[in-house]
>>> print(open('coords.cif').read())   # mmCIF, C-alpha atoms
data_structure
loop_
_atom_site.group_PDB
_atom_site.id
_atom_site.type_symbol
_atom_site.label_atom_id
_atom_site.label_comp_id
_atom_site.auth_asym_id
_atom_site.auth_seq_id
_atom_site.Cartn_x
_atom_site.Cartn_y
_atom_site.Cartn_z
ATOM 1 C CA MET S 964 59.253 49.752 91.984
ATOM 2 C CA LEU S 965 57.727 53.144 91.358
ATOM 3 C CA THR S 966 58.385 55.037 88.132
ATOM 4 C CA PRO S 967 57.985 58.686 87.099
ATOM 5 C CA GLU S 968 55.171 57.586 84.790
ATOM 6 C CA ASN S 969 52.945 56.799 87.781
ATOM 7 C CA THR S 970 54.188 59.681 89.933
ATOM 8 C CA ALA S 971 53.340 63.363 90.322
ATOM 9 C CA LEU S 972 56.113 65.895 90.807
ATOM 10 C CA VAL S 973 54.975 68.299 93.538
ATOM 11 C CA LEU S 974 57.125 71.421 93.516
ATOM 12 C CA LEU S 975 56.771 73.579 96.623
ATOM 13 C CA ALA S 976 57.108 77.227 95.606
ATOM 14 C CA ALA S 977 54.867 79.009 98.115
ATOM 15 C CA GLY S 978 57.404 80.122 100.699
ATOM 16 C CA ARG S 979 57.236 83.715 101.921
ATOM 17 C CA SER S 980 60.994 84.353 101.499
ATOM 18 C CA GLU S 981 61.055 85.907 104.967
ATOM 19 C CA ARG S 982 64.762 85.234 105.501
ATOM 20 C CA PHE S 983 65.607 86.660 102.076
ATOM 21 C CA ALA S 984 65.068 90.211 103.415
ATOM 22 C CA ASP S 985 63.061 91.599 100.503
ATOM 23 C CA GLY S 986 61.662 90.432 97.218
ATOM 24 C CA ASP S 987 60.744 86.993 95.881
ATOM 25 C CA LYS S 988 63.854 84.818 96.041
ATOM 26 C CA LEU S 989 62.448 82.417 93.451
ATOM 27 C CA THR S 990 62.668 85.134 90.780
ATOM 28 C CA GLU S 991 66.296 86.010 91.597
ATOM 29 C CA LEU S 992 68.586 85.278 88.658
ATOM 30 C CA TYR S 993 71.123 82.509 89.051
ATOM 31 C CA LEU S 994 73.195 81.431 86.056
ATOM 32 C CA GLY S 995 70.908 83.349 83.738
ATOM 33 C CA GLN S 996 67.483 82.145 84.813
ATOM 34 C CA PRO S 997 65.179 82.502 87.822
ATOM 35 C CA LEU S 998 66.289 80.466 90.805
ATOM 36 C CA ALA S 999 63.135 78.328 90.852
ATOM 37 C CA PHE S 1000 63.422 77.348 87.197
ATOM 38 C CA HIS S 1001 66.663 75.432 87.737
ATOM 39 C CA VAL S 1002 64.886 72.482 89.323
ATOM 40 C CA VAL S 1003 62.161 72.806 86.686
ATOM 41 C CA THR S 1004 64.779 72.548 83.943
ATOM 42 C CA ALA S 1005 66.685 69.753 85.666
ATOM 43 C CA LEU S 1006 63.603 67.534 85.863
ATOM 44 C CA GLU S 1007 61.803 68.496 82.655
ATOM 45 C CA LYS S 1008 62.817 65.294 80.825
ATOM 46 C CA MET S 1009 61.481 62.992 83.532
ATOM 47 C CA PRO S 1010 58.155 61.554 82.305
ATOM 48 C CA PHE S 1011 55.993 62.390 85.308
ATOM 49 C CA ARG S 1012 52.284 61.725 84.933
ATOM 50 C CA ALA S 1013 51.594 65.127 86.482
ATOM 51 C CA ARG S 1014 53.589 68.219 87.443
ATOM 52 C CA ILE S 1015 52.124 70.372 90.188
ATOM 53 C CA ALA S 1016 53.528 73.676 91.450
ATOM 54 C CA VAL S 1017 52.159 74.961 94.746
ATOM 55 C CA VAL S 1018 52.627 78.728 94.695
ATOM 56 C CA SER S 1019 51.793 81.909 96.553
ATOM 57 C CA CYS S 1020 52.349 85.437 95.257
ATOM 58 C CA THR S 1021 55.071 84.692 92.730
ATOM 59 C CA ALA S 1022 55.410 86.273 89.307
ATOM 60 C CA LEU S 1023 56.894 83.108 87.806
ATOM 61 C CA ASP S 1024 54.780 81.355 85.179
ATOM 62 C CA PHE S 1025 54.974 77.686 86.117
ATOM 63 C CA ALA S 1026 52.027 76.876 83.868
ATOM 64 C CA ALA S 1027 54.124 77.829 80.840
ATOM 65 C CA ARG S 1028 56.624 75.188 81.954
ATOM 66 C CA GLY S 1029 54.020 72.421 81.974
ATOM 67 C CA PHE S 1030 52.815 72.590 85.587
ATOM 68 C CA GLU S 1031 49.352 72.555 87.041
ATOM 69 C CA VAL S 1032 49.468 75.582 89.328
ATOM 70 C CA VAL S 1033 47.841 75.247 92.745
ATOM 71 C CA GLU S 1034 47.539 78.365 94.886
ATOM 72 C CA ASN S 1035 48.299 78.177 98.582
ATOM 73 C CA PRO S 1036 46.152 81.044 99.887
ATOM 74 C CA ASP S 1037 47.703 81.040 103.351
ATOM 75 C CA PRO S 1038 51.453 80.276 103.296
ATOM 76 C CA ALA S 1039 51.690 81.597 106.859
ATOM 77 C CA GLN S 1040 50.284 78.217 107.943
ATOM 78 C CA GLY S 1041 53.650 76.658 107.087
ATOM 79 C CA GLN S 1042 55.071 74.287 104.512
ATOM 80 C CA ALA S 1043 52.720 71.508 105.565
ATOM 81 C CA ARG S 1044 49.817 73.412 104.038
ATOM 82 C CA SER S 1045 51.599 73.488 100.688
ATOM 83 C CA VAL S 1046 52.292 69.765 100.951
ATOM 84 C CA ARG S 1047 48.602 69.142 101.579
ATOM 85 C CA HIS S 1048 47.523 71.174 98.539
ATOM 86 C CA GLY S 1049 50.061 69.409 96.341
ATOM 87 C CA VAL S 1050 49.121 65.914 97.483
ATOM 88 C CA GLU S 1051 45.412 66.611 97.030
ATOM 89 C CA ALA S 1052 46.061 67.689 93.433
ATOM 90 C CA ALA S 1053 48.230 64.607 92.890
ATOM 91 C CA GLU S 1054 45.507 62.294 94.178
ATOM 92 C CA ALA S 1055 43.046 63.916 91.791
ATOM 93 C CA ALA S 1056 45.453 63.022 88.979
ATOM 94 C CA GLY S 1057 45.264 59.359 89.997
ATOM 95 C CA VAL S 1058 48.964 58.805 90.667
ATOM 96 C CA GLU S 1059 50.626 56.092 92.736
ATOM 97 C CA ALA S 1060 53.275 58.341 94.306
ATOM 98 C CA VAL S 1061 54.492 61.907 94.722
ATOM 99 C CA LEU S 1062 58.002 63.270 94.452
ATOM 100 C CA ILE S 1063 58.093 66.385 96.633
ATOM 101 C CA ALA S 1064 60.814 68.884 95.709
ATOM 102 C CA LEU S 1065 61.631 72.443 96.742
ATOM 103 C CA ALA S 1066 61.847 75.279 94.245
ATOM 104 C CA ASP S 1067 64.795 76.847 96.046
ATOM 105 C CA MET S 1068 67.198 73.918 95.447
ATOM 106 C CA PRO S 1069 68.887 74.973 92.178
ATOM 107 C CA ARG S 1070 71.603 72.284 92.142
ATOM 108 C CA LEU S 1071 69.285 69.270 92.118
ATOM 109 C CA THR S 1072 70.004 66.729 89.355
ATOM 110 C CA VAL S 1073 67.863 64.291 87.447
ATOM 111 C CA ALA S 1074 70.367 61.511 88.215
ATOM 112 C CA HIS S 1075 69.769 61.857 91.941
ATOM 113 C CA CYS S 1076 65.984 61.802 91.490
ATOM 114 C CA TYR S 1077 66.222 58.580 89.507
ATOM 115 C CA ARG S 1078 68.226 57.099 92.393
ATOM 116 C CA LEU S 1079 65.233 57.829 94.650
ATOM 117 C CA PHE S 1080 63.056 55.816 92.291
ATOM 118 C CA ASP S 1081 65.647 53.000 92.237
ATOM 119 C CA ALA S 1082 65.218 52.753 96.038
ATOM 120 C CA SER S 1083 61.413 52.635 95.881
ATOM 121 C CA GLU S 1084 59.272 49.657 96.867
ATOM 122 C CA GLY S 1085 55.742 50.352 95.719
ATOM 123 C CA ALA S 1086 52.923 51.942 97.687
ATOM 124 C CA ALA S 1087 54.811 51.888 101.003
ATOM 125 C CA THR S 1088 57.772 53.834 99.601
ATOM 126 C CA LEU S 1089 59.231 56.559 101.783
ATOM 127 C CA VAL S 1090 62.585 57.628 100.352
ATOM 128 C CA ALA S 1091 64.303 60.932 101.092
ATOM 129 C CA SER S 1092 67.544 62.602 100.097
ATOM 130 C CA SER S 1093 70.444 63.070 102.498
ATOM 131 C CA ASP S 1094 73.711 64.972 102.583
ATOM 132 C CA GLY S 1095 75.109 62.295 104.873
ATOM 133 C CA VAL S 1096 73.980 64.143 107.982
ATOM 134 C CA ARG S 1097 70.249 64.805 107.721
ATOM 135 C CA PRO S 1098 67.379 63.724 105.500
ATOM 136 C CA MET S 1099 65.644 66.321 103.338
ATOM 137 C CA PRO S 1100 63.747 66.830 100.088
ATOM 138 C CA PRO S 1101 63.417 65.801 97.434
ATOM 139 C CA ALA S 1102 61.506 62.876 98.844
ATOM 140 C CA LEU S 1103 59.443 60.155 97.208
ATOM 141 C CA PHE S 1104 56.230 58.945 98.873
ATOM 142 C CA GLY S 1105 54.066 56.017 97.819
ATOM 143 C CA ARG S 1106 50.292 56.327 98.063
ATOM 144 C CA ASP S 1107 50.213 54.600 101.472
ATOM 145 C CA HIS S 1108 51.546 57.884 102.898
ATOM 146 C CA PHE S 1109 49.124 60.265 101.172
ATOM 147 C CA ALA S 1110 46.771 60.475 104.156
ATOM 148 C CA ALA S 1111 49.664 61.247 106.515
ATOM 149 C CA LEU S 1112 50.943 63.945 104.149
ATOM 150 C CA ARG S 1113 47.501 65.547 104.006
ATOM 151 C CA GLY S 1114 47.373 65.589 107.798
ATOM 152 C CA LEU S 1115 50.662 67.418 108.382
ATOM 153 C CA GLU S 1116 50.660 70.731 110.243
ATOM 154 C CA GLY S 1117 53.136 73.567 110.694
ATOM 155 C CA ASP S 1118 56.374 74.572 108.995
ATOM 156 C CA ALA S 1119 58.193 71.253 109.385
ATOM 157 C CA GLY S 1120 56.423 69.966 106.284
ATOM 158 C CA ALA S 1121 57.084 66.274 105.739
ATOM 159 C CA ARG S 1122 60.247 66.309 107.885
ATOM 160 C CA THR S 1123 58.700 64.148 110.594
ATOM 161 C CA LEU S 1124 57.837 61.475 108.040
ATOM 162 C CA ILE S 1125 61.122 61.382 106.166
ATOM 163 C CA LEU S 1126 63.103 60.915 109.361
ATOM 164 C CA ARG S 1127 61.894 57.316 109.450
ATOM 165 C CA GLY S 1128 62.285 56.614 105.747
ATOM 166 C CA HIS S 1129 65.104 55.257 103.597
ATOM 167 C CA HIS S 1130 67.745 57.890 102.846
ATOM 168 C CA VAL S 1131 69.702 58.201 99.601
ATOM 169 C CA ILE S 1132 72.951 60.089 100.149
ATOM 170 C CA THR S 1133 74.348 62.511 97.598
ATOM 171 C CA GLN S 1134 76.855 65.371 97.524
ATOM 172 C CA PRO S 1135 75.870 68.204 99.901
ATOM 173 C CA ASP S 1136 76.264 70.787 97.115
ATOM 174 C CA GLU S 1137 73.478 69.092 95.179
ATOM 175 C CA LEU S 1138 71.031 69.616 98.044
ATOM 176 C CA VAL S 1139 71.868 73.218 98.866
ATOM 177 C CA ASP S 1140 68.769 75.331 99.384
ATOM 178 C CA ILE S 1141 68.661 79.101 99.250
ATOM 179 C CA ASP S 1142 67.144 80.807 102.286
ATOM 180 C CA THR S 1143 69.042 84.112 102.427
ATOM 181 C CA ARG S 1144 70.778 86.535 100.101
ATOM 182 C CA GLU S 1145 74.038 85.365 101.673
ATOM 183 C CA ASP S 1146 73.243 81.792 100.615
ATOM 184 C CA LEU S 1147 72.740 82.926 97.034
ATOM 185 C CA ALA S 1148 75.884 85.064 97.040
ATOM 186 C CA ALA S 1149 77.925 82.131 98.368
ATOM 187 C CA LEU S 1150 76.544 79.841 95.664
ATOM 188 C CA ARG S 1151 77.377 82.376 92.960
ATOM 189 C CA ASP S 1152 80.899 82.684 94.365
ATOM 190 C CA ARG S 1153 81.390 78.905 94.252
ATOM 191 C CA GLU S 1154 80.178 78.769 90.657
ATOM 192 C CA ALA S 1155 82.531 81.588 89.663
ATOM 193 C CA ALA S 1156 85.476 79.888 91.368
ATOM 194 C CA ALA S 1157 84.662 76.589 89.638
ATOM 195 C CA ALA S 1158 84.524 78.341 86.268
ATOM 196 C CA ILE S 1159 87.947 79.913 86.873
ATOM 197 C CA ARG S 1160 89.454 76.545 87.810
ATOM 198 C CA ALA S 1161 87.969 74.936 84.701
ATOM 199 C CA ALA S 1162 89.356 77.709 82.495
ATOM 200 C CA ARG S 1163 92.806 77.261 83.995
ATOM 201 C CA ARG S 1164 92.717 73.514 83.359
ATOM 202 C CA ARG S 1165 91.809 74.092 79.719
ATOM 203 C CA SER S 1166 94.703 76.535 79.290
ATOM 204 C CA ASP S 1167 97.305 74.236 80.871
#
>>> encode(input="coords.cif", output="structure tokens")
Amino acid sequence: MLTPENTALVLLAAGRSERFADGDKLTELYLGQPLAFHVVTALEKMPFRARIAVVSCTALDFAARGFEVVENPDPAQGQARSVRHGVEAAEAAGVEAVLIALADMPRLTVAHCYRLFDASEGAATLVASSDGVRPMPPALFGRDHFAALRGLEGDAGARTLILRGHHVITQPDELVDIDTREDLAALRDREAAAAIRAARRRSD
């Protein structure tokens, strides 16, 4: 079984935020901190051998949060290019696996990521998350898949690979990703409603 100690966390943070209308969505505040730093905070206690953030034109300081920062100079080539840069940096760190996560998934939990490791089976591991309908990141890849990850093209990223992997199902809310301002507004509304319900329960 794979462990975080022999794995690199590869955080993809090089998207162009085209559907977000204007601005860098990763810097948008959500619950008091930049959107992208929620996954950083959620996973900061996991003992990864390496932490790699693949970025492009963001003001966020991932290095200050313990990440090796790798620049994707051409994000227009699609997410696959970011995956390639991240995996190359992970191989240079001598790891046995990579956990690929997205910086725009602020509800991700450490418990779910450990469940991905629980489902691993060494170098051939290919384990993705699922909301019960479709597989998605975060996804854990053993080193047998590094060459395939480096060879990906386009904006589908590793989607073609994870379709044939093992899928660990979790609550859909945990895997929500933020593509538009409407997505972020809806998430804020759900958080506010949950806080109101919790306050009412405490006062009953």
>>> residues_around(input="coords.cif", residues="segment 1065-1078 of chain S", least_positions_apart="4", cutoff="8 Å", atoms="all atoms listed in the file", output="list in words")
Leu974, Leu975, Ala976, Leu989, Leu998, Ala999, Phe1000, His1001, Val1002, Val1003, Ala1005, Leu1006, Met1009, Ala1082, Pro1100, Pro1101, Val1131, Thr1133, Asp1136, Glu1137, Leu1138, Val1139, Asp1140, Ile1141 and Asp1142 of chain S
>>> closest_residue(input="coords.cif", among="S:Asn1035, S:Thr1021, S:Gln1040, S:Thr990", to="Gly1117 of chain S", atoms="only C-alpha atoms")
S:Gln1040
>>> axis_aligned_box(input="coords.cif", around="segment 993-997 of chain S", padding_each_side="5 Å", output="lines of an AutoDock Vina configuration file")
center_x = 69.2
center_y = 82.4
center_z = 86.4
size_x = 18.0
size_y = 11.9
size_z = 15.3
>>> closest_atom_pairs(input="coords.cif", of="segment 1011-1067 of chain S", to="segment 1108-1112 of chain S", cutoff="8 Å", atoms="all atoms listed in the file", output="JSON lines")
{"residue": "S:Ala1043", "atom": "CA", "partner": "S:Leu1112", "partner_atom": "CA", "distance": 7.9}
{"residue": "S:Val1046", "atom": "CA", "partner": "S:Leu1112", "partner_atom": "CA", "distance": 6.8}
{"residue": "S:Arg1047", "atom": "CA", "partner": "S:Leu1112", "partner_atom": "CA", "distance": 6.3}
{"residue": "S:Val1050", "atom": "CA", "partner": "S:Phe1109", "partner_atom": "CA", "distance": 6.7}
>>> write_last_selection(input="coords.cif", atoms="C-alpha atoms", output="PDB file, in the coordinates of the input")
ATOM      1  CA  ALA S1043      52.720  71.508 105.565  1.00  0.00           C
ATOM      2  CA  VAL S1046      52.292  69.765 100.951  1.00  0.00           C
ATOM      3  CA  ARG S1047      48.602  69.142 101.579  1.00  0.00           C
ATOM      4  CA  VAL S1050      49.121  65.914  97.483  1.00  0.00           C
TER       5      VAL S1050
END
>>> resolve_selection(input="coords.cif", expression="the PyMOL selection byres ((chain S and resi 969) around 9)", output="VMD selection string")
chain S and resid 965 to 968 970 to 971 1010 to 1013 1057 to 1061
>>> resolve_selection(input="coords.cif", expression="the PyMOL selection byres ((chain S and resi 1031) around 12)", output="list in words")
Ala971, Leu972, Val973, Leu974, Arg1012, Ala1013, Arg1014, Ile1015, Ala1016, Val1017, Val1018, Asp1024, Phe1025, Ala1026, Ala1027, Arg1028, Gly1029, Phe1030, Val1032, Val1033, Glu1034, His1048, Gly1049, Ala1052, Ala1053, Ala1055 and Ala1056 of chain S
>>> residues_around(input="coords.cif", residues="Ser1083 of chain S", least_positions_apart="6", cutoff="8 Å", atoms="only C-alpha atoms", output="PyMOL selection string")
chain S and resi 964-965+1089-1090+1103
>>> write_last_selection(input="coords.cif", atoms="C-alpha atoms", output="PDB file, in the frame of the given file")
ATOM      1  CA  MET S 964      59.253  49.752  91.984  1.00  0.00           C
ATOM      2  CA  LEU S 965      57.727  53.144  91.358  1.00  0.00           C
ATOM      3  CA  LEU S1089      59.231  56.559 101.783  1.00  0.00           C
ATOM      4  CA  VAL S1090      62.585  57.628 100.352  1.00  0.00           C
ATOM      5  CA  LEU S1103      59.443  60.155  97.208  1.00  0.00           C
TER       6      LEU S1103
END
>>> atom_distance(input="coords.cif", atom1="atom CA of His1129 of chain S", atom2="atom CA of Lys1008 of chain S")
25.0 Å
>>> atom_distance(input="coords.cif", atom1="atom CA of Ala1087 of chain S", atom2="atom CA of Phe1104 of chain S")
7.5 Å
>>> atom_distance(input="coords.cif", atom1="atom CA of Gln996 of chain S", atom2="atom CA of Arg1151 of chain S")
12.8 Å
>>> resolve_selection(input="coords.cif", expression="the PyMOL selection byres ((chain S and resi 1095) around 8)", output="list in words")
Ser1093, Asp1094, Val1096, Arg1097, Pro1098, Ile1132, Thr1133 and Pro1135 of chain S
>>> write_last_selection(input="coords.cif", atoms="C-alpha atoms", output="compact mmCIF listing (two decimals), in the frame of the given file")
# COMPACT_ATOMS: atom_id res chain seq x y z
CA SER S 1093 70.44 63.07 102.50
CA ASP S 1094 73.71 64.97 102.58
CA VAL S 1096 73.98 64.14 107.98
CA ARG S 1097 70.25 64.81 107.72
CA PRO S 1098 67.38 63.72 105.50
CA ILE S 1132 72.95 60.09 100.15
CA THR S 1133 74.35 62.51 97.60
CA PRO S 1135 75.87 68.20 99.90
>>> closest_residue(input="coords.cif", among="S:Ser1019, S:Ala1091, S:Pro1036, S:Gly995", to="Leu1126 of chain S", atoms="only C-alpha atoms")
S:Ala1091
>>> closest_residue(input="coords.cif", among="S:Glu1154, S:Asp1081, S:Asp1107, S:Glu1054", to="His1130 of chain S", atoms="only C-alpha atoms")
S:Asp1081
